[in-house]
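S.K.: Sharing a structure here in structure tokens format.
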Amino acid sequence: MRIVFVGASELTITTARLLMDRGNEIIIIDSDKNKIEELSENLDCSFLHGDGSHPQILREADPKHTDILFCLTDNDQNNIIAALVGRTLGFKRVVLNIHEWEFENICLELGLEDIIIPSRTISRYLADMVAGVDILELSTVMKGEARFYTFTIDQEHTHQTIDDLELPDQARAIFFYRDGDFFLTEKDIKLQEGDELVLICHSEVLDKLKEKFSPSQTASNHNHDTQEQSSGKE
């Protein structure tokens, strides 16, 4: 895969090393020329010097032949702008990192759904550790094209059953949250407005699910955290 990073942050460098070890082609964009020169001595990848949120620089990264654009600078606003520009230029998938939770709703309203919030992911992982839950067990199960998708039941689908939702063939409802409580799905259960339904599905049907059941801010929290735990084959 060909992967472009905006911002030579610590997260970028660590992730780039892992991806290069797996045989991926990596390009890192950063505005600090000295940092690029320093990193080029230790990282066997390509570099672009310039503002990663500027259209001209992102065009040089060749959007049409890039699989993923990661916007991982240390500035949330820069990441949001770079993600919007990248999406407009035709990058197949755009993922951005934000540190301030307040920006999440704005990103979702702008249609930026692939969001990473490290502090939340780490805090939930630590909370699960205290509870004796090993979330790494999930990564050994979620392989290939398996994905989680979550959305909140709206008024249109209130009082419907799982069958009434007419999910794609390669998607199954497995559990839901109601008022913060966990429930396994049952065939005859009536869904209520505000329920957060969690599906397991093939990656090919994600677009269909997004078209029919748009993830809300709350549902997106579960979606991103669980997707971070899934693993795909390169």
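Ligands are numbered from 1 in the order shown, residues from 1 within each chain, and chains are lettered A, B, ... in the order they appear in the structure tokens.
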Find the residues around stretch 179-181 of chain A up to 10 Å (only C-alpha atoms counted), leave out those fewer than 6 positions away in its own chain, and share them as an MDAnalysis selection string.
M.R.: chainID A and resid 194:196
S.K.: Would you put the residues from that selection into a file with N, CA and C atoms, as a short mmCIF file (atom, residue, chain, number, x, y, z; two decimals), in the first residue's frame?
M.R.:
```
data_model
loop_
_atom_site.label_atom_id
_atom_site.label_comp_id
_atom_site.auth_asym_id
_atom_site.auth_seq_id
_atom_site.Cartn_x
_atom_site.Cartn_y
_atom_site.Cartn_z
N GLY A 194 -32.34 6.29 20.17
CA GLY A 194 -31.20 6.51 21.05
C GLY A 194 -30.38 5.26 21.31
N ASP A 195 -30.92 4.08 20.98
CA ASP A 195 -30.13 2.84 21.12
C ASP A 195 -28.91 2.92 20.19
N GLU A 196 -27.77 2.46 20.68
CA GLU A 196 -26.56 2.40 19.85
C GLU A 196 -26.35 0.95 19.43
#
```
S.K.: Using DSSP on the backbone, list every residue of stretch 71-137 of chain A that comes out as alpha helix (DSSP H), and give them as a ChimeraX atom specification.
M.R.: /A:76-89,102-109,118-130,136-137
S.K.: Go ahead and dump the residues you just picked, N, CA and C atoms, as an mmCIF file, in the first residue's frame.
M.R.:
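The file below, part_15.cif, is the result:
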```
data_model
loop_
_atom_site.group_PDB
_atom_site.id
_atom_site.type_symbol
_atom_site.label_atom_id
_atom_site.label_comp_id
_atom_site.auth_asym_id
_atom_site.auth_seq_id
_atom_site.Cartn_x
_atom_site.Cartn_y
_atom_site.Cartn_z
ATOM 1 N N ASP A 76 -4.548 20.406 15.824
ATOM 2 C CA ASP A 76 -5.843 19.874 15.387
ATOM 3 C C ASP A 76 -6.391 20.612 14.178
ATOM 4 N N GLN A 77 -6.301 21.955 14.211
ATOM 5 C CA GLN A 77 -6.848 22.732 13.096
ATOM 6 C C GLN A 77 -6.133 22.410 11.793
ATOM 7 N N ASN A 78 -4.817 22.261 11.862
ATOM 8 C CA ASN A 78 -4.062 21.911 10.652
ATOM 9 C C ASN A 78 -4.461 20.536 10.122
ATOM 10 N N ASN A 79 -4.708 19.615 11.037
ATOM 11 C CA ASN A 79 -5.124 18.271 10.621
ATOM 12 C C ASN A 79 -6.482 18.297 9.934
ATOM 13 N N ILE A 80 -7.399 19.091 10.480
ATOM 14 C CA ILE A 80 -8.739 19.188 9.890
ATOM 15 C C ILE A 80 -8.661 19.785 8.487
ATOM 16 N N ILE A 81 -7.900 20.865 8.347
ATOM 17 C CA ILE A 81 -7.766 21.504 7.031
ATOM 18 C C ILE A 81 -7.103 20.555 6.034
ATOM 19 N N ALA A 82 -6.031 19.895 6.468
ATOM 20 C CA ALA A 82 -5.336 18.960 5.577
ATOM 21 C C ALA A 82 -6.254 17.823 5.154
ATOM 22 N N ALA A 83 -7.080 17.344 6.084
ATOM 23 C CA ALA A 83 -8.009 16.257 5.771
ATOM 24 C C ALA A 83 -9.053 16.706 4.753
ATOM 25 N N LEU A 84 -9.579 17.910 4.926
ATOM 26 C CA LEU A 84 -10.581 18.433 3.989
ATOM 27 C C LEU A 84 -9.982 18.630 2.598
ATOM 28 N N VAL A 85 -8.784 19.191 2.551
ATOM 29 C CA VAL A 85 -8.115 19.395 1.262
ATOM 30 C C VAL A 85 -7.799 18.050 0.615
ATOM 31 N N GLY A 86 -7.304 17.122 1.423
ATOM 32 C CA GLY A 86 -6.979 15.795 0.899
ATOM 33 C C GLY A 86 -8.185 15.080 0.328
ATOM 34 N N ARG A 87 -9.299 15.186 1.027
ATOM 35 C CA ARG A 87 -10.524 14.551 0.532
ATOM 36 C C ARG A 87 -10.955 15.174 -0.795
ATOM 37 N N THR A 88 -10.855 16.500 -0.882
ATOM 38 C CA THR A 88 -11.232 17.203 -2.107
ATOM 39 C C THR A 88 -10.341 16.803 -3.283
ATOM 40 N N LEU A 89 -9.069 16.548 -2.995
ATOM 41 C CA LEU A 89 -8.126 16.189 -4.059
ATOM 42 C C LEU A 89 -8.244 14.741 -4.498
ATOM 43 N N GLU A 102 -13.505 18.405 21.633
ATOM 44 C CA GLU A 102 -14.526 19.335 21.142
ATOM 45 C C GLU A 102 -14.561 19.400 19.617
ATOM 46 N N PHE A 103 -13.459 19.038 18.976
ATOM 47 C CA PHE A 103 -13.414 19.101 17.516
ATOM 48 C C PHE A 103 -14.097 17.900 16.855
ATOM 49 N N GLU A 104 -14.397 16.864 17.623
ATOM 50 C CA GLU A 104 -14.928 15.647 17.003
ATOM 51 C C GLU A 104 -16.258 15.902 16.303
ATOM 52 N N ASN A 105 -17.165 16.590 16.974
ATOM 53 C CA ASN A 105 -18.476 16.837 16.377
ATOM 54 C C ASN A 105 -18.352 17.668 15.106
ATOM 55 N N ILE A 106 -17.420 18.624 15.120
ATOM 56 C CA ILE A 106 -17.194 19.448 13.929
ATOM 57 C C ILE A 106 -16.693 18.580 12.776
ATOM 58 N N CYS A 107 -15.766 17.684 13.083
ATOM 59 C CA CYS A 107 -15.244 16.784 12.042
ATOM 60 C C CYS A 107 -16.353 15.931 11.441
ATOM 61 N N LEU A 108 -17.220 15.405 12.304
ATOM 62 C CA LEU A 108 -18.311 14.558 11.825
ATOM 63 C C LEU A 108 -19.279 15.345 10.952
ATOM 64 N N GLU A 109 -19.564 16.588 11.342
ATOM 65 C CA GLU A 109 -20.455 17.421 10.535
ATOM 66 C C GLU A 109 -19.836 17.733 9.174
ATOM 67 N N PRO A 118 -6.197 9.866 20.511
ATOM 68 C CA PRO A 118 -5.332 8.989 21.309
ATOM 69 C C PRO A 118 -5.664 8.959 22.789
ATOM 70 N N SER A 119 -5.953 10.119 23.388
ATOM 71 C CA SER A 119 -6.201 10.148 24.833
ATOM 72 C C SER A 119 -7.414 9.310 25.205
ATOM 73 N N ARG A 120 -8.451 9.328 24.357
ATOM 74 C CA ARG A 120 -9.646 8.546 24.662
ATOM 75 C C ARG A 120 -9.368 7.050 24.497
ATOM 76 N N THR A 121 -8.659 6.702 23.430
ATOM 77 C CA THR A 121 -8.343 5.291 23.208
ATOM 78 C C THR A 121 -7.517 4.727 24.354
ATOM 79 N N ILE A 122 -6.511 5.489 24.780
ATOM 80 C CA ILE A 122 -5.653 5.027 25.871
ATOM 81 C C ILE A 122 -6.423 4.954 27.178
ATOM 82 N N SER A 123 -7.260 5.964 27.455
ATOM 83 C CA SER A 123 -8.006 5.972 28.717
ATOM 84 C C SER A 123 -8.974 4.801 28.791
ATOM 85 N N ARG A 124 -9.606 4.467 27.677
ATOM 86 C CA ARG A 124 -10.522 3.322 27.679
ATOM 87 C C ARG A 124 -9.757 2.012 27.831
ATOM 88 N N TYR A 125 -8.579 1.954 27.214
ATOM 89 C CA TYR A 125 -7.752 0.758 27.355
ATOM 90 C C TYR A 125 -7.334 0.563 28.811
ATOM 91 N N LEU A 126 -6.933 1.657 29.475
ATOM 92 C CA LEU A 126 -6.537 1.574 30.881
ATOM 93 C C LEU A 126 -7.716 1.180 31.763
ATOM 94 N N ALA A 127 -8.900 1.745 31.458
ATOM 95 C CA ALA A 127 -10.091 1.392 32.232
ATOM 96 C C ALA A 127 -10.425 -0.085 32.064
ATOM 97 N N ASP A 128 -10.258 -0.605 30.833
ATOM 98 C CA ASP A 128 -10.513 -2.027 30.587
ATOM 99 C C ASP A 128 -9.494 -2.898 31.318
ATOM 100 N N MET A 129 -8.255 -2.420 31.403
ATOM 101 C CA MET A 129 -7.237 -3.168 32.135
ATOM 102 C C MET A 129 -7.620 -3.300 33.605
ATOM 103 N N VAL A 130 -8.114 -2.189 34.184
ATOM 104 C CA VAL A 130 -8.536 -2.216 35.584
ATOM 105 C C VAL A 130 -9.670 -3.213 35.776
ATOM 106 N N LEU A 136 -6.714 -6.681 23.602
ATOM 107 C CA LEU A 136 -5.848 -7.246 22.569
ATOM 108 C C LEU A 136 -6.370 -8.578 22.074
ATOM 109 N N GLU A 137 -7.213 -9.238 22.890
ATOM 110 C CA GLU A 137 -7.802 -10.492 22.448
ATOM 111 C C GLU A 137 -8.645 -10.273 21.202
#
```
S.K.: Mind checking which residues fall within 8 Å of A:Thr66, counting only C-alpha atoms, ignoring those fewer than 6 positions away in the same chain, and posting them as a PyMOL selection string?
M.R.: chain A and resi 1-4+91-92
S.K.: What separation in Å, quoted to one decimal, exists between atom CA of A:Tyr177 and atom CA of A:Arg93?
M.R.: 28.6 Å
S.K.: Under the rule that only C-alpha atoms are counted, which of A:His159, A:His99, A:Lys33, A:Lys208 is the nearest residue to A:Ile189?
M.R.: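 For A:Ile189, the nearest of the given residues is A:His159.
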S.K.: Which neighbours of A:Arg172 fall inside 12 Å, counting only C-alpha atoms, when residues of the same chain fewer than 6 positions from it are skipped, and could you give them as a list in words?
M.R.: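 That gives Ala146, Arg147, Phe148, Tyr149, Thr150, Ile162, Asp163, Leu165, Glu166, Leu184, Thr185, Glu186, Lys187, Leu197, Val198, Leu199, Ile200, Cys201, His202, Val205 and Leu209 of chain A.
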S.K.: Store the residues picked out above, limited to N, CA and C atoms, as a PDB file, in the first residue's frame.
M.R.:
```pdb
ATOM      1  N   ALA A 146     -13.005  -8.073   8.157  1.00  0.00           N
ATOM      2  CA  ALA A 146     -14.011  -7.930   9.220  1.00  0.00           C
ATOM      3  C   ALA A 146     -13.927  -6.536   9.832  1.00  0.00           C
ATOM      4  N   ARG A 147     -15.078  -5.916  10.034  1.00  0.00           N
ATOM      5  CA  ARG A 147     -15.135  -4.575  10.610  1.00  0.00           C
ATOM      6  C   ARG A 147     -16.324  -4.461  11.567  1.00  0.00           C
ATOM      7  N   PHE A 148     -16.221  -3.523  12.514  1.00  0.00           N
ATOM      8  CA  PHE A 148     -17.361  -3.136  13.325  1.00  0.00           C
ATOM      9  C   PHE A 148     -17.961  -1.864  12.740  1.00  0.00           C
ATOM     10  N   TYR A 149     -19.273  -1.721  12.874  1.00  0.00           N
ATOM     11  CA  TYR A 149     -19.934  -0.473  12.490  1.00  0.00           C
ATOM     12  C   TYR A 149     -21.037  -0.208  13.504  1.00  0.00           C
ATOM     13  N   THR A 150     -21.124   1.024  13.987  1.00  0.00           N
ATOM     14  CA  THR A 150     -22.163   1.355  14.955  1.00  0.00           C
ATOM     15  C   THR A 150     -22.932   2.588  14.504  1.00  0.00           C
ATOM     16  N   ILE A 162     -34.659  -6.040  14.380  1.00  0.00           N
ATOM     17  CA  ILE A 162     -33.436  -6.132  13.576  1.00  0.00           C
ATOM     18  C   ILE A 162     -33.773  -6.477  12.130  1.00  0.00           C
ATOM     19  N   ASP A 163     -34.721  -7.396  11.929  1.00  0.00           N
ATOM     20  CA  ASP A 163     -35.113  -7.776  10.565  1.00  0.00           C
ATOM     21  C   ASP A 163     -35.697  -6.593   9.806  1.00  0.00           C
ATOM     22  N   LEU A 165     -34.784  -3.625   9.852  1.00  0.00           N
ATOM     23  CA  LEU A 165     -33.743  -2.710   9.389  1.00  0.00           C
ATOM     24  C   LEU A 165     -33.233  -3.071   7.999  1.00  0.00           C
ATOM     25  N   GLU A 166     -33.448  -4.331   7.572  1.00  0.00           N
ATOM     26  CA  GLU A 166     -32.999  -4.803   6.259  1.00  0.00           C
ATOM     27  C   GLU A 166     -31.509  -4.517   6.051  1.00  0.00           C
ATOM     28  N   LEU A 184     -27.391  -7.972  24.395  1.00  0.00           N
ATOM     29  CA  LEU A 184     -27.239  -8.752  23.174  1.00  0.00           C
ATOM     30  C   LEU A 184     -28.509  -8.616  22.345  1.00  0.00           C
ATOM     31  N   THR A 185     -28.356  -8.615  21.024  1.00  0.00           N
ATOM     32  CA  THR A 185     -29.533  -8.470  20.175  1.00  0.00           C
ATOM     33  C   THR A 185     -30.337  -9.767  20.133  1.00  0.00           C
ATOM     34  N   GLU A 186     -31.643  -9.611  20.047  1.00  0.00           N
ATOM     35  CA  GLU A 186     -32.552 -10.737  19.877  1.00  0.00           C
ATOM     36  C   GLU A 186     -33.485 -10.424  18.719  1.00  0.00           C
ATOM     37  N   LYS A 187     -33.937 -11.464  18.045  1.00  0.00           N
ATOM     38  CA  LYS A 187     -34.698 -11.289  16.813  1.00  0.00           C
ATOM     39  C   LYS A 187     -35.948 -10.443  17.000  1.00  0.00           C
ATOM     40  N   LEU A 197     -26.584   0.676  18.159  1.00  0.00           N
ATOM     41  CA  LEU A 197     -26.519  -0.684  17.636  1.00  0.00           C
ATOM     42  C   LEU A 197     -25.129  -0.962  17.066  1.00  0.00           C
ATOM     43  N   VAL A 198     -24.565  -2.107  17.414  1.00  0.00           N
ATOM     44  CA  VAL A 198     -23.222  -2.486  16.963  1.00  0.00           C
ATOM     45  C   VAL A 198     -23.334  -3.670  16.007  1.00  0.00           C
ATOM     46  N   LEU A 199     -22.757  -3.502  14.816  1.00  0.00           N
ATOM     47  CA  LEU A 199     -22.784  -4.543  13.790  1.00  0.00           C
ATOM     48  C   LEU A 199     -21.377  -5.077  13.558  1.00  0.00           C
ATOM     49  N   ILE A 200     -21.296  -6.317  13.120  1.00  0.00           N
ATOM     50  CA  ILE A 200     -20.060  -6.845  12.556  1.00  0.00           C
ATOM     51  C   ILE A 200     -20.340  -7.084  11.078  1.00  0.00           C
ATOM     52  N   CYS A 201     -19.403  -6.680  10.223  1.00  0.00           N
ATOM     53  CA  CYS A 201     -19.703  -6.721   8.791  1.00  0.00           C
ATOM     54  C   CYS A 201     -18.425  -6.884   7.976  1.00  0.00           C
ATOM     55  N   HIS A 202     -18.615  -7.109   6.683  1.00  0.00           N
ATOM     56  CA  HIS A 202     -17.513  -7.124   5.723  1.00  0.00           C
ATOM     57  C   HIS A 202     -17.240  -5.678   5.316  1.00  0.00           C
ATOM     58  N   VAL A 205     -19.341  -3.621   2.681  1.00  0.00           N
ATOM     59  CA  VAL A 205     -20.693  -3.076   2.874  1.00  0.00           C
ATOM     60  C   VAL A 205     -20.685  -1.829   3.748  1.00  0.00           C
ATOM     61  N   LEU A 209     -23.832   0.830   4.529  1.00  0.00           N
ATOM     62  CA  LEU A 209     -24.299   1.098   5.890  1.00  0.00           C
ATOM     63  C   LEU A 209     -24.268   2.591   6.194  1.00  0.00           C
TER      64      LEU A 209
END
```
S.K.: Within 12 Å of A:Asp164, counting only C-alpha atoms, which residues qualify if same-chain residues fewer than 5 places away don't, as a list in words?
M.R.: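 In the requested format, the answer is Glu156, His157, Thr158, His159, Ala173, Lys187, Asp188, Ile189, Lys190 and Leu191 of chain A.
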